[in-house]
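Peer 1: Before I ask anything, let me first share the structure, which is written out below as structure tokens.
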Amino acid sequence: MNILFAITTGILFSIGVFLLLRRDLIKVAMGYYVLFTAINLFLLAVGAFNGDVPPYTTMEGQGQQSDPLVQALILTAIVISFGSYALLLGMINIASRRFKTINADEVDELQG
Amino acid sequence: MELINNPLVLGPVFIPLFAAVICLLLSRNNRLQRYVAFWAYFVGWLCSIVVLLMNLAPPPLALTFGGDPASQLTITWQVGVQTYTVGGWFAPFGVMLVADMLSAVFGLMATTVVMIGVLYAVGCKDKAITYPAFMPLLLTMGGGLVGCFYTGDIFTLFVFLELMVISSVILVAISDNRLGLEAAIKYLLISAMGTLFLLLGIAEIYASFGTLNLADVANRLQTEGRPLLAQISAVALMAAFLLKSAVFPFHFWQPDFHTTAPTPVGALLSSVVVKVGVYGLIRLTTLLFIDEAPLIQQVLIVLGVIGIFFGSLGALQTYNAKRLLAYSTFGQIGFILVAIGWGSPIALAAAIIYAFNQAFIKAALLMITGLVSSRLESKSGRLSEIVGAGQQMTFISSLYLIGGLALAGVPPLNGFISKVSLVNGGVDVENWLILGLVVGAGLLTMLYMIRTWQLIFQRTPEAEHQFKPYGDSPLAPTVLIGICVILGLYAVPLIDLANTTVAQIGDPHIYIRTVLGG
């Protein structure tokens with residue numbers, strides 16, 4: 001299971017970085033989100049497999065409980081990354097109207 | 001030693017956040033919003049001063065109310081590192097706010113500059129200031145900033161950092177400058193990389209030690225050996241902090257972002273917000289990764305020297321008065337990084353003094369530039385348009401000159417104190433080559449500040465440029481320049497403060513023992 005997670009995280013990372021380096025701002029935004037998903041998966045892998053049963057349930061005592069903290073961390077990270085993702089999409093929307101393009105190469109008035 | 005909660009530690013972080021909520025409720029009354037924001041910061045500022053004083057206070061510190069012994073109420077404060085355990089879960093399980101000397105000094109710097117930034121916003125004529133979301137966002141940015149300094153938990157650091165980043169991104173995106181949006185998108189993407197590295201570092205630390213509390217992590221790093229994963233997390237955390245401070249390989253977003261921001265926001269971004277990374281790097285080398293510190297410090301020296309020269313030469317080249325100051329921030333951060341890299345107690349004290357002084361100088365200079373450019377129709381800081389804009393403003397002109405000289409390190413201003421302590425640090429570690437480069441680069445600062453001052457305030461304006469007779473209020477930069485002069489003439493308290501701080505962070509056991517108890 002750990003190896004599967006490692007491979008999945010790696011693939012997601014590479015997809016995210018690939019998308020982030022695109023010229024199209026929408027694809028860049030998608031890459032942004034995929035990267036955060038990858039890091040959330042990594043956070044989950046850190047503590048999810050140390051136990052056998054979910055914590056704080058009626059299954060208490062039937063085995064080693066898994067770590068609830070990483071799940072709390074991931075929830076927080078998801079909320080934050082989702083918020084900034086929505087903000088990014090909103091800004092790209094305004095930028096597409098203001099600059100009449102979503103090609104990152106053409107939005108380059110700041111130089112020097 | 002028993003832990004005592006000090007609610008004042010919450011003040012500088014949560015009063016602004018609470019005031020942000022009130023400001024949102026007052027969204028129809030823009031004027032009232034500004035005053036609520038200012039007074040909220042004022043209270044936060046008082047709290048941060050008291051927190052710093054309580055760090056220094058000699059024991060025992062007890063307040064007694066009421067004369068009658070039966071109804072007497074005695075409050076005893078814990079002296080030294082001030083802590084607050086949020087939610088009553090004790091370390092290392094709960095979230096803690098810890099204000100040791102380093103946090104308190106940086107917190108005082110941040111709250112002072114942010115308070116004066118809000119004061120500038122109160123008298124600012126930009127259109128962006130009138131948006132109902134502006135003041136709440138400024139408040140959350142400041143709250144997140146101080147939260148980064150005060151937190152004792154590495155995941156809470158991430159949360160506060162993101163609060164600060166998202167608020168500042170929106171503030172820049174709604175700037176009067178239409179290019180603010182482009183800079184904001186750029187910064188949000190770049191800072192996401194920093195966040196990613198920070199989360200990666202946090203996950204690696206959690207995987208190695210199963211804890212997120214800074215003191216507990218430091219304790220385990222010392223007692224339980226160093227797994228490879230924890231050492232990798234040092235790299236990830238360092239990358240994240242370097243990115244937040246806009247140091248050389250991760251710098252390219254900074255001039256855009258700081259130039260296009262509304263004036264009060266740009267002044268804060270370029271003075272205190274970049275200090276989050278500096279604070280993080282000091283913590284990294286003095287608390288967490290002490291064994292790896294020599295390696296980290298060597299990297300910091302190299303990056304610092306590159307930053308000094310890149311920033312100074314960039315400032316000489318550029319076409320915009322605000323952008324010039326943003327480039328100069330590279331150089332200033334470079335000086336601080338070199339001082340952290342030298343790593344001896346004297347050099348670390350120099351880093352703290354430099355960071356403290358630079359925040360006031362840079363905020364003042366950016367505010368004055370913004371003040372002058374607010375009289376232009378385009379409100380841009382372009383040197384071709386701003387030429388001669390300040391010819392009639394004798395007072396503002398002298399303020400800018402004082403600020404510029406302070407930045408270049410001319411006595412008797414506070415920049416001189418920073419430069420002297422920096423040279424002291426360099427002599428202490430006998431790193432002559434780097435010291436020579438650093439002092440030489442300091443002269444470049446003089447060159448570009450005087451050149452810009454002449455351009456803005458001494459030249460006769462070209463005939464086709466019309467300047468408005470009114471602009472932003474000069475109150476805030478006057479206060480800041482006043483602080484710069486006072487800190488230059490009467491520098492002993494700051495130097496003592498820096499030395500006490502370094503004595504405290506020189507022994508990480510003080511921090512660990514206070515947080516973990518025992």
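Residue numbers start at 1 in each chain; chains themselves are named A, B, ... in the order of the structure tokens; ligands are numbered from 1 in the order shown.
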Counting only C-alpha atoms, which residues of chain A come no farther than 9 Å from chain B, as a CSV table (one decimal) with C-alpha atoms, in the first residue's frame?

Peer 2:
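Output file selection-v2.csv is given in full below:
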```csv
chain,number,residue,atom,x,y,z
A,20,LEU,CA,2.0,24.3,-14.1
A,28,VAL,CA,-1.7,26.3,-14.8
A,29,ALA,CA,-4.6,26.6,-12.3
A,32,TYR,CA,-1.8,24.1,-9.0
A,35,LEU,CA,0.0,19.6,-6.9
A,36,PHE,CA,-1.9,20.3,-3.7
A,39,ILE,CA,0.9,16.8,-1.2
A,40,ASN,CA,-2.3,15.9,0.6
A,42,PHE,CA,1.7,12.5,0.9
A,43,LEU,CA,0.4,13.9,4.2
A,44,LEU,CA,-2.1,11.0,4.4
A,45,ALA,CA,0.5,8.4,3.7
A,46,VAL,CA,2.5,9.8,6.6
A,47,GLY,CA,0.1,8.5,9.2
A,70,VAL,CA,-3.0,13.7,9.7
A,73,LEU,CA,-4.1,18.4,8.8
A,76,THR,CA,-7.1,22.1,6.9
A,77,ALA,CA,-4.8,21.9,3.9
A,80,ILE,CA,-6.8,26.4,2.3
A,81,SER,CA,-5.8,25.1,-1.1
A,83,GLY,CA,-9.8,28.7,-1.2
A,84,SER,CA,-6.7,29.8,-3.0
A,87,LEU,CA,-9.2,32.9,-5.8
A,88,LEU,CA,-6.8,32.0,-8.6
A,91,MET,CA,-8.4,36.3,-10.9
A,92,ILE,CA,-7.8,34.4,-14.2
A,94,ILE,CA,-10.9,38.9,-14.6
A,95,ALA,CA,-7.5,38.8,-16.3
A,98,ARG,CA,-8.8,42.7,-18.9
A,107,VAL,CA,0.3,38.8,-20.2
A,108,ASP,CA,3.7,40.3,-19.6
A,109,GLU,CA,3.4,44.1,-19.3
A,110,LEU,CA,5.5,44.0,-16.2
A,111,GLN,CA,9.1,43.9,-17.2
A,112,GLY,CA,12.5,45.3,-16.3
```

Peer 1: Which residues, written as an NGL selection string, have at least one atom at most 6 Å from stretch 11-28 of chain B, with only C-alpha atoms counted and residues fewer than 4 positions away on the same chain left out?

Peer 2: :B and (33 or 40 or 44 or 47 or 132 or 136 or 139-140 or 143 or 146-147)

Peer 1: Of the residues B:Ile353, B:Leu137, B:Val265, B:Leu243, which is the one nearest to B:Gly117, using only C-alpha atoms?

Peer 2: B:Val265

Peer 1: Which residues are close to B:Leu487, i.e. within 12 Å by only C-alpha atoms, leaving aside same-chain residues fewer than 3 positions away? Reply as a PyMOL selection string.

Peer 2: chain B and resi 353-354+356-358+360-361+406+411-418+480-484+490-495

Peer 1: Next, write the just-selected residues to a file, as a CSV table (one decimal), in the first residue's frame, keeping N, CA, C and O atoms as the atom set.

Peer 2:
```csv
chain,number,residue,atom,x,y,z
B,353,ILE,N,19.1,43.5,14.4
B,353,ILE,CA,19.1,45.0,14.4
B,353,ILE,C,18.8,45.5,13.0
B,353,ILE,O,18.0,46.4,12.7
B,354,TYR,N,19.5,44.8,12.0
B,354,TYR,CA,19.3,45.2,10.6
B,354,TYR,C,17.9,45.0,10.2
B,354,TYR,O,17.3,45.9,9.6
B,356,PHE,N,15.2,44.9,12.0
B,356,PHE,CA,14.3,45.8,12.7
B,356,PHE,C,14.4,47.2,12.1
B,356,PHE,O,13.3,47.8,11.7
B,357,ASN,N,15.6,47.7,11.8
B,357,ASN,CA,15.7,49.1,11.3
B,357,ASN,C,15.2,49.2,9.9
B,357,ASN,O,14.6,50.1,9.5
B,358,GLN,N,15.6,48.2,9.1
B,358,GLN,CA,15.2,48.2,7.7
B,358,GLN,C,13.7,48.3,7.4
B,358,GLN,O,13.3,49.0,6.5
B,360,PHE,N,11.5,49.9,9.2
B,360,PHE,CA,11.0,51.3,9.3
B,360,PHE,C,11.5,52.1,8.1
B,360,PHE,O,10.7,52.9,7.5
B,361,ILE,N,12.7,52.0,7.7
B,361,ILE,CA,13.3,52.8,6.6
B,361,ILE,C,12.5,52.5,5.3
B,361,ILE,O,12.1,53.4,4.6
B,406,ALA,N,19.5,57.1,5.6
B,406,ALA,CA,19.4,56.0,6.6
B,406,ALA,C,19.6,54.6,5.9
B,406,ALA,O,20.3,53.8,6.4
B,411,PRO,N,25.6,58.1,9.4
B,411,PRO,CA,25.3,58.5,10.8
B,411,PRO,C,24.6,59.9,10.7
B,411,PRO,O,24.9,60.7,9.8
B,412,PRO,N,23.8,60.2,11.7
B,412,PRO,CA,23.4,59.5,12.9
B,412,PRO,C,22.1,58.8,12.8
B,412,PRO,O,21.3,58.7,13.8
B,413,LEU,N,21.8,58.2,11.6
B,413,LEU,CA,20.5,57.6,11.4
B,413,LEU,C,20.6,56.1,11.8
B,413,LEU,O,21.7,55.5,11.9
B,414,ASN,N,19.4,55.4,11.8
B,414,ASN,CA,19.4,54.0,12.3
B,414,ASN,C,20.1,53.1,11.4
B,414,ASN,O,20.6,52.0,11.8
B,415,GLY,N,20.1,53.4,10.1
B,415,GLY,CA,20.8,52.6,9.1
B,415,GLY,C,22.3,52.4,9.4
B,415,GLY,O,22.9,51.4,9.2
B,416,PHE,N,22.8,53.5,10.0
B,416,PHE,CA,24.3,53.5,10.4
B,416,PHE,C,24.5,52.4,11.5
B,416,PHE,O,25.5,51.7,11.5
B,417,ILE,N,23.6,52.4,12.4
B,417,ILE,CA,23.7,51.4,13.5
B,417,ILE,C,23.7,50.0,13.0
B,417,ILE,O,24.5,49.2,13.4
B,418,SER,N,22.7,49.8,12.0
B,418,SER,CA,22.7,48.4,11.4
B,418,SER,C,24.0,48.1,10.7
B,418,SER,O,24.5,47.0,10.9
B,480,LEU,N,7.3,57.4,10.7
B,480,LEU,CA,8.3,56.4,10.5
B,480,LEU,C,9.7,57.0,10.5
B,480,LEU,O,10.6,56.4,11.0
B,481,ILE,N,9.8,58.1,9.7
B,481,ILE,CA,11.1,58.8,9.7
B,481,ILE,C,11.6,59.2,11.1
B,481,ILE,O,12.7,59.1,11.5
B,482,GLY,N,10.6,59.7,11.9
B,482,GLY,CA,10.9,60.1,13.2
B,482,GLY,C,11.4,58.9,14.0
B,482,GLY,O,12.4,59.1,14.7
B,483,ILE,N,10.8,57.7,13.8
B,483,ILE,CA,11.3,56.6,14.5
B,483,ILE,C,12.7,56.2,14.1
B,483,ILE,O,13.6,55.9,14.9
B,484,CYS,N,13.0,56.4,12.8
B,484,CYS,CA,14.3,56.1,12.2
B,484,CYS,C,15.3,57.0,12.9
B,484,CYS,O,16.4,56.5,13.3
B,490,TYR,N,19.4,57.2,19.6
B,490,TYR,CA,19.3,56.5,20.9
B,490,TYR,C,19.2,55.0,20.6
B,490,TYR,O,18.1,54.4,20.7
B,491,ALA,N,20.3,54.4,20.2
B,491,ALA,CA,20.2,53.0,19.7
B,491,ALA,C,20.5,52.0,20.8
B,491,ALA,O,20.3,50.8,20.5
B,492,VAL,N,20.8,52.4,22.0
B,492,VAL,CA,21.2,51.5,23.0
B,492,VAL,C,20.1,50.5,23.3
B,492,VAL,O,20.4,49.3,23.4
B,493,PRO,N,18.8,50.9,23.5
B,493,PRO,CA,17.8,49.9,23.8
B,493,PRO,C,17.7,48.8,22.8
B,493,PRO,O,17.6,47.6,23.1
B,494,LEU,N,17.8,49.2,21.5
B,494,LEU,CA,17.6,48.2,20.5
B,494,LEU,C,18.8,47.2,20.5
B,494,LEU,O,18.6,46.0,20.3
B,495,ILE,N,20.0,47.7,20.7
B,495,ILE,CA,21.2,46.9,20.7
B,495,ILE,C,21.1,45.9,21.9
B,495,ILE,O,21.4,44.7,21.7
```

Peer 1: As an exercise, work out the distance from atom CA of B:Val429 to atom CA of B:Glu292 in Å and give it to one decimal place.

Peer 2: 18.4 Å

Peer 1: Might you pull out every residue within 12 Å of A:Ile11, with only C-alpha atoms counted and same-chain residues fewer than 6 positions away left off, and present them as an MDAnalysis selection string?

Peer 2: chainID A and resid 4:5 17:18 34:35 37:39 41:42

Peer 1: What is the distance, in Å and to one decimal place, between atom CA of B:Leu138 and atom CA of B:Trp45?

Peer 2: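 We find that atom CA of B:Leu138 and atom CA of B:Trp45 lie 15.1 Å from each other.
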
Peer 1: Any idea what's packed within 10 Å of A:Gln65, counting only C-alpha atoms, ignoring anything in its chain fewer than 5 positions away? Could you give it as a ChimeraX atom specification?

Peer 2: /A:48-57,59-60

Peer 1: Would you work out the distance separating atom CA of B:Ile434 from atom CA of B:Gly307, expressed in Å to one decimal?

Peer 2: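 Between atom CA of B:Ile434 and atom CA of B:Gly307 the gap works out to 12.8 Å.
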
Peer 1: Residues of chain A classed as strand (DSSP E or B) by DSSP on the backbone are to be reported as a ChimeraX atom specification.

Peer 2: /A:24,53,65,103

Peer 1: Step one, run DSSP on the backbone; step two, keep only residues of chain A assigned to alpha helix (DSSP H); then write them as a PyMOL selection string.

Peer 2: chain A and resi 2-20+25-47+68-99
